[in-house]
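Below is entry22.txt, holding compact mmCIF, C-alpha atoms.
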```
# COMPACT_ATOMS: atom_id res chain seq x y z
CA MET A 1 81.39 110.31 122.20
CA LYS A 2 84.09 112.23 120.37
CA ARG A 3 83.84 111.91 116.60
CA LEU A 4 87.19 110.84 115.17
CA PRO A 5 88.57 112.10 111.83
CA LEU A 6 87.67 109.86 108.90
CA PHE A 7 90.59 108.35 106.99
CA PRO A 8 89.84 106.74 103.58
CA GLY A 9 90.74 103.06 103.41
CA GLU A 10 91.92 103.43 99.82
CA LEU A 11 94.47 106.07 100.79
CA THR A 12 95.44 104.01 103.83
CA LEU A 13 96.33 101.06 101.61
CA VAL A 14 98.38 103.20 99.20
CA ILE A 15 100.34 104.70 102.08
CA ALA A 16 100.88 101.30 103.69
CA VAL A 17 102.24 99.68 100.51
CA ALA A 18 104.47 102.68 99.75
CA ILE A 19 106.07 102.95 103.18
CA ASN A 20 106.36 99.18 103.74
CA SER A 21 108.20 98.60 100.46
CA PHE A 22 110.60 101.41 101.26
CA GLY A 23 110.99 100.23 104.85
CA VAL A 24 111.95 96.69 103.79
CA VAL A 25 114.67 97.89 101.40
CA LEU A 26 115.92 100.51 103.88
CA MET A 27 116.25 97.91 106.65
CA LEU A 28 118.32 95.68 104.38
CA TYR A 29 120.47 98.67 103.36
CA SER A 30 121.08 99.54 107.01
CA GLY A 31 123.21 96.41 107.31
CA SER A 32 121.23 95.17 110.30
CA GLY A 33 119.50 92.51 108.21
CA ILE A 34 116.35 92.37 106.15
CA SER A 35 112.91 92.41 107.75
CA ALA A 36 111.52 89.01 108.70
CA ILE A 37 108.58 89.26 106.30
CA SER A 38 110.96 89.61 103.35
CA SER A 39 113.74 87.36 104.60
CA VAL A 40 112.49 84.20 102.87
CA PRO A 41 112.15 85.86 99.42
CA TYR A 42 115.58 87.44 99.99
CA ALA A 43 117.09 84.01 100.69
CA PHE A 44 115.60 82.68 97.46
CA SER A 45 116.92 85.69 95.51
CA GLU A 46 120.45 84.94 96.79
CA VAL A 47 120.33 81.17 96.36
CA LEU A 48 118.42 81.26 93.05
CA PRO A 49 119.29 84.68 91.58
CA PHE A 50 117.58 84.16 88.23
CA PHE A 51 114.61 86.05 89.79
CA THR A 52 114.79 89.45 91.50
CA LEU A 53 113.86 90.07 95.14
CA GLY A 54 110.57 91.56 93.95
CA THR A 55 109.70 88.48 91.87
CA TRP A 56 110.53 86.06 94.67
CA THR A 57 108.49 88.24 97.02
CA TYR A 58 105.24 87.84 95.15
CA LEU A 59 105.91 84.13 94.53
CA PHE A 60 106.26 83.74 98.30
CA GLN A 61 103.09 85.78 98.76
CA ALA A 62 101.23 83.49 96.36
CA ALA A 63 102.18 80.55 98.56
CA LEU A 64 100.85 82.37 101.64
CA VAL A 65 97.55 83.15 99.90
CA PHE A 66 97.17 79.51 98.87
CA SER A 67 97.90 78.40 102.45
CA LEU A 68 95.15 80.65 103.81
CA MET A 69 92.63 79.19 101.38
CA VAL A 70 93.63 75.69 102.48
CA LEU A 71 93.19 76.66 106.14
CA ARG A 72 89.77 78.20 105.43
CA ARG A 73 88.87 75.27 103.16
CA LYS A 74 87.32 77.56 100.59
CA PHE A 75 88.16 79.84 97.69
CA VAL A 76 88.35 83.45 98.90
CA ILE A 77 88.20 86.01 96.08
CA SER A 78 89.51 88.85 98.24
CA TYR A 79 92.73 86.89 98.74
CA LEU A 80 93.37 87.07 94.99
CA PHE A 81 93.08 90.86 95.13
CA SER A 82 95.58 90.71 97.96
CA PHE A 83 98.00 89.00 95.60
CA VAL A 84 97.59 91.91 93.14
CA VAL A 85 98.55 94.31 95.93
CA GLY A 86 101.49 92.04 96.69
CA PHE A 87 102.60 92.23 93.05
CA VAL A 88 102.70 96.03 93.27
CA PHE A 89 104.62 95.73 96.54
CA GLY A 90 107.18 93.44 94.90
CA GLU A 91 107.67 95.83 91.98
CA LEU A 92 108.21 98.73 94.38
CA LEU A 93 110.93 96.71 96.13
CA ASP A 94 112.83 96.49 92.84
CA VAL A 95 112.32 100.20 92.20
CA HIS A 96 113.74 101.17 95.60
CA GLU A 97 116.72 98.88 95.09
CA LEU A 98 117.65 100.88 91.98
CA TRP A 99 118.32 104.09 93.91
CA ILE A 100 118.91 103.12 97.55
CA ASN A 101 122.69 102.75 97.05
CA HIS A 102 122.99 106.51 96.63
CA LEU A 103 122.31 107.03 100.36
CA PRO A 104 125.31 107.56 102.70
CA THR A 105 126.63 104.48 104.49
CA ALA A 106 128.36 105.82 107.64
CA ILE A 107 127.54 103.86 110.81
CA GLY A 108 125.43 106.67 112.24
CA TRP A 109 123.30 106.73 109.12
CA ARG A 110 122.89 102.95 109.20
CA VAL A 111 121.58 103.07 112.77
CA ALA A 112 119.13 105.79 111.72
CA TYR A 113 118.06 103.71 108.70
CA PHE A 114 117.23 100.76 110.93
CA ILE A 115 115.18 102.84 113.38
CA VAL A 116 113.28 104.58 110.58
CA SER A 117 112.67 101.34 108.67
CA TYR A 118 111.47 99.54 111.83
CA LEU A 119 108.94 102.27 112.57
CA LEU A 120 107.83 102.54 108.94
CA ILE A 121 107.19 98.80 108.63
CA SER A 122 105.32 98.72 111.95
CA LEU A 123 103.17 101.69 110.95
CA GLY A 124 102.57 100.25 107.49
CA ILE A 125 101.35 96.93 108.86
CA ALA A 126 99.11 98.64 111.43
CA LEU A 127 97.60 100.74 108.62
CA SER A 128 97.17 97.67 106.42
CA ASN A 129 95.21 95.94 109.17
CA ARG A 130 92.75 98.85 109.20
CA CYS A 131 92.32 99.80 105.54
CA GLY A 132 89.38 97.45 104.91
CA LEU A 133 90.83 96.39 101.54
CA PRO A 134 92.94 93.46 100.31
CA ILE A 135 96.45 93.93 101.69
CA VAL A 136 99.92 92.56 100.99
CA PRO A 137 99.83 88.77 101.65
CA THR A 138 102.77 88.91 104.08
CA ASP A 139 100.67 91.27 106.21
CA LEU A 140 97.42 89.45 105.46
CA PHE A 141 98.68 86.03 106.53
CA PRO A 142 99.28 86.71 110.26
CA ARG A 143 96.11 88.81 110.51
CA GLU A 144 93.93 86.11 108.95
CA LEU A 145 95.67 83.31 110.83
CA SER A 146 94.92 85.17 114.06
CA GLN A 147 91.23 85.26 113.12
CA ILE A 148 91.20 81.59 112.06
CA THR A 149 92.94 80.27 115.18
CA GLY A 150 91.65 82.80 117.72
CA ILE A 151 95.22 83.43 118.89
CA GLY A 152 96.17 87.06 119.54
CA TYR A 153 97.73 88.93 116.62
CA PRO A 154 101.02 89.87 118.38
CA ARG A 155 101.71 86.21 119.21
CA ILE A 156 100.91 85.08 115.66
CA LYS A 157 103.01 87.87 114.15
CA ILE A 158 106.05 87.12 116.30
CA SER A 159 105.79 83.38 115.60
CA PHE A 160 105.42 83.97 111.85
CA ASP A 161 108.46 86.24 111.79
CA ALA A 162 110.52 83.77 113.83
CA ILE A 163 109.68 80.92 111.43
CA CYS A 164 110.69 83.09 108.48
CA LEU A 165 114.05 83.76 110.13
CA VAL A 166 114.69 80.06 110.80
CA VAL A 167 113.87 79.17 107.19
CA THR A 168 116.13 81.95 105.88
CA ALA A 169 119.03 80.98 108.13
CA ALA A 170 118.77 77.29 107.24
CA MET A 171 118.39 77.93 103.51
CA THR A 172 121.32 80.34 103.14
CA PHE A 173 123.60 78.30 105.41
CA LEU A 174 122.93 75.00 103.65
CA CYS A 175 123.07 76.43 100.12
CA LEU A 176 125.68 79.20 100.45
CA GLY A 177 127.76 78.02 103.39
CA HIS A 178 126.94 80.99 105.60
CA VAL A 179 123.90 82.78 106.97
CA LEU A 180 122.97 85.74 104.79
CA GLY A 181 120.54 88.63 105.17
CA LEU A 182 119.99 88.21 108.90
CA GLY A 183 121.42 90.51 111.55
CA ILE A 184 120.75 91.82 115.02
CA GLY A 185 118.17 94.20 113.60
CA THR A 186 116.28 91.34 111.97
CA VAL A 187 116.09 89.38 115.21
CA LEU A 188 115.16 92.47 117.23
CA ALA A 189 112.38 93.34 114.79
CA ALA A 190 111.06 89.78 114.72
CA LEU A 191 110.85 89.56 118.50
CA THR A 192 109.30 92.99 119.11
CA MET A 193 107.50 94.18 115.98
CA GLY A 194 104.25 92.36 116.74
CA LYS A 195 103.91 94.27 120.00
CA THR A 196 104.94 97.56 118.37
CA ILE A 197 102.32 97.10 115.66
CA GLY A 198 99.72 96.56 118.40
CA ILE A 199 100.75 99.77 120.18
CA ILE A 200 100.64 101.80 116.97
CA GLY A 201 97.31 100.20 116.07
CA THR A 202 95.80 101.18 119.42
CA TRP A 203 96.98 104.76 118.88
CA LEU A 204 95.47 104.83 115.38
CA ASP A 205 92.14 103.51 116.67
CA GLY A 206 92.08 106.28 119.24
CA HIS A 207 92.66 109.03 116.67
CA PHE A 208 91.06 107.93 113.37
CA THR A 209 88.09 106.09 111.91
CA PHE A 210 88.90 104.15 108.75
CA ALA A 211 86.38 103.70 105.95
CA VAL A 212 86.23 102.26 102.43
CA GLY A 213 83.96 104.47 100.34
CA LEU A 214 80.98 105.03 102.63
CA ARG A 215 81.45 101.86 104.62
CA LEU A 216 83.12 102.12 108.01
CA HIS A 217 85.65 99.41 108.65
CA LYS A 218 86.21 97.99 112.11
CA ALA A 219 88.24 94.84 111.31
CA GLY A 220 91.42 96.53 112.38
CA GLN A 221 90.20 96.38 115.94
CA ALA A 222 90.78 92.62 115.89
CA ALA A 223 94.32 92.92 114.61
CA LYS A 224 96.00 94.89 117.36
```

Written as structure tokens, that's how I'd like the structure from this file.
Amino acid sequence: MKRLPLFPGELTLVIAVAINSFGVVLMLYSGSGISAISSVPYAFSEVLPFFTLGTWTYLFQAALVFSLMVLRRKFVISYLFSFVVGFVFGELLDVHELWINHLPTAIGWRVAYFIVSYLLISLGIALSNRCGLPIVPTDLFPRELSQITGIGYPRIKISFDAICLVVTAAMTFLCLGHVLGLGIGTVLAALTMGKTIGIIGTWLDGHFTFAVGLRLHKAGQAAK
């Protein structure tokens, strides 16, 4: 059997958080709509702007972590570490928002921004599922729910994204009088990203072995 290159789980997590936070802000800046996983916090930041997008993001993530504990009917310490990762993710969102407006805004650039952000988010989630460490709660939730219910990850991911979009649309329409933050890119990503993550994950599994310290991690195999 061919021995695959070893990729540290710690570095995998750092890369995943960095590229996912940038991907979320870049997708919003593209004008095609924000990613589904950040659409609910975005809706809250527009309806209740006394908190930033980053702050609403980790408040939303806290709710997801609590929901997983309820579903598992036990206190899971690793989920709390996931919230810490989510806090860093939220802060990075605010950092990227400080400079993103300096990028050009011509239509060709916006199309490129959407494509790049879509691929970055998909890659980031696939990496998160394989790092063997606590991950951002918005990525953790569909992965853990797939394990709890036994339903395939792509189906769970697509359903989770779709529910986020419905909540965002309803909240912004009822509170602001129009739907905000959602676009054709948001819908396209929600309907296809679960499958794309699975494809990228299969490719990663065929080219790398992920490990935390000296411990090989195989959980990513279940989150394709």

A straight line from CA of Arg130 in chain A to CA of Pro8 in chain A spans 10.1 Å

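With CA of Leu182 in chain A on one side and CA of Ala36 in chain A on the other, the separation reads 8.5 Å.
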
What are the closest atom pairs, with distances in Å to one decimal, for all residues of range 94-198 of chain A lying within 10 Å of range 38-45 of chain A? Consider only C-alpha atoms, order rows by chain and residue number, and present the result as JSON lines.
```
{"residue": "A:Thr138", "atom": "CA", "partner": "A:Ser38", "partner_atom": "CA", "distance": 8.3}
{"residue": "A:Asp161", "atom": "CA", "partner": "A:Ser39", "partner_atom": "CA", "distance": 9.0}
{"residue": "A:Ile163", "atom": "CA", "partner": "A:Val40", "partner_atom": "CA", "distance": 9.6}
{"residue": "A:Cys164", "atom": "CA", "partner": "A:Val40", "partner_atom": "CA", "distance": 6.0}
{"residue": "A:Leu165", "atom": "CA", "partner": "A:Ser39", "partner_atom": "CA", "distance": 6.6}
{"residue": "A:Val166", "atom": "CA", "partner": "A:Val40", "partner_atom": "CA", "distance": 9.2}
{"residue": "A:Val167", "atom": "CA", "partner": "A:Val40", "partner_atom": "CA", "distance": 6.8}
{"residue": "A:Thr168", "atom": "CA", "partner": "A:Val40", "partner_atom": "CA", "distance": 5.2}
{"residue": "A:Ala169", "atom": "CA", "partner": "A:Ala43", "partner_atom": "CA", "distance": 8.3}
{"residue": "A:Ala170", "atom": "CA", "partner": "A:Ala43", "partner_atom": "CA", "distance": 9.5}
{"residue": "A:Met171", "atom": "CA", "partner": "A:Ala43", "partner_atom": "CA", "distance": 6.8}
{"residue": "A:Thr172", "atom": "CA", "partner": "A:Ala43", "partner_atom": "CA", "distance": 6.1}
{"residue": "A:Phe173", "atom": "CA", "partner": "A:Ala43", "partner_atom": "CA", "distance": 9.9}
{"residue": "A:Cys175", "atom": "CA", "partner": "A:Ala43", "partner_atom": "CA", "distance": 9.7}
{"residue": "A:Leu176", "atom": "CA", "partner": "A:Ala43", "partner_atom": "CA", "distance": 9.8}
{"residue": "A:Val179", "atom": "CA", "partner": "A:Ala43", "partner_atom": "CA", "distance": 9.3}
{"residue": "A:Leu180", "atom": "CA", "partner": "A:Ala43", "partner_atom": "CA", "distance": 7.4}
{"residue": "A:Gly181", "atom": "CA", "partner": "A:Ser39", "partner_atom": "CA", "distance": 6.9}
{"residue": "A:Leu182", "atom": "CA", "partner": "A:Ser39", "partner_atom": "CA", "distance": 7.6}
{"residue": "A:Thr186", "atom": "CA", "partner": "A:Ser39", "partner_atom": "CA", "distance": 8.8}
```

Need to verify the contact set: Arg73 in chain A, 12 Å, all atoms listed in the file, exclusion of same-chain residues closer than 6 positions in sequence. Can you return it as a PyMOL selection string? chain A and resi 66-67+148

Computed gap from CA of Val76 in chain A to CA of Lys157 in chain A is 21.6 Å

Could you work out an axis-aligned box for range 95-104 of chain A, taking every atom the file lists and adding 3 Å on each side, and report centre and edge lengths in Å to one decimal, as JSON?
```
{"center_x": 118.8, "center_y": 103.2, "center_z": 97.3, "size_x": 19.0, "size_y": 14.7, "size_z": 16.7}
```

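You can rank A:Leu6, A:Met193, A:Met27, A:Ala16 by their closest distance to Arg110 in chain A using only C-alpha atoms, and at the top of that list sits A:Met27.
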
Need the shell around Asp139 in chain A: protein/DNA/RNA residues with any atom at most 8 Å away, counting all atoms listed in the file. Skip same-chain ones fewer than 5 positions apart. Format as a ChimeraX atom specification? /A:125,128-129

Neighbour list for Leu103 in chain A as an mmCIF file with C-alpha atoms, in the coordinates of the input, cut-off 12 Å, all atoms listed in the file, skip fewer than 6 positions in-chain:
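Saved to result-v3.cif:
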```
data_model
loop_
_atom_site.group_PDB
_atom_site.id
_atom_site.type_symbol
_atom_site.label_atom_id
_atom_site.label_comp_id
_atom_site.auth_asym_id
_atom_site.auth_seq_id
_atom_site.Cartn_x
_atom_site.Cartn_y
_atom_site.Cartn_z
ATOM 1 C CA VAL A 25 114.670 97.890 101.400
ATOM 2 C CA LEU A 26 115.920 100.510 103.880
ATOM 3 C CA TYR A 29 120.470 98.670 103.360
ATOM 4 C CA SER A 30 121.080 99.540 107.010
ATOM 5 C CA HIS A 96 113.740 101.170 95.600
ATOM 6 C CA GLU A 97 116.720 98.880 95.090
ATOM 7 C CA TRP A 109 123.300 106.730 109.120
ATOM 8 C CA ARG A 110 122.890 102.950 109.200
ATOM 9 C CA ALA A 112 119.130 105.790 111.720
ATOM 10 C CA TYR A 113 118.060 103.710 108.700
#
```

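Among the candidate residues A:Ile158, A:Leu140, A:Leu145, A:Leu119, the one lying nearest to Thr192 in chain A is A:Ile158, with distances computed using only C-alpha atoms.
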
Spatial neighbours of range 80-94 of chain A, 8 Å, only C-alpha atoms, chain gap at least 5 places, as a list in words: Val17, Ala18, Ser21, Phe22, Val24, Val25, Thr52, Leu53, Gly54, Thr55, Thr57, Tyr58, Gln61, Ala62, Val65, Pro134, Ile135, Val136, Pro137 and Leu140 of chain A

Have a look at A:Gly9, A:Gly33, A:Gly152, A:Gly185 and name the one nearest to Phe208 in chain A; count only C-alpha atoms.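 Of A:Gly9, A:Gly33, A:Gly152, A:Gly185, the one nearest Phe208 in chain A is A:Gly9, counting only C-alpha atoms.
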
Which residue of A:Val212, A:Ala190, A:Leu68, A:Ala63 approaches Gly132 in chain A most closely, using only C-alpha atoms: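 The answer is A:Val212, which sits nearest to Gly132 in chain A.
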
Which one is closest to Gly194 in chain A: A:Leu4, A:Leu123, A:Leu98, A:Leu174? Count all atoms listed in the file.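 The shortest atom-to-atom distance to Gly194 in chain A comes from A:Leu123.
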
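Using only C-alpha atoms for every distance, the candidate list A:Ala211, A:Cys131, A:Pro104, A:Val111 yields A:Cys131 as the residue closest to Leu13 in chain A.
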
Got a sec to check which residues sit within 8 Å of (106.5, 107.8, 106.0), counting only C-alpha atoms, and write them as a PyMOL selection string? chain A and resi 15+19+120
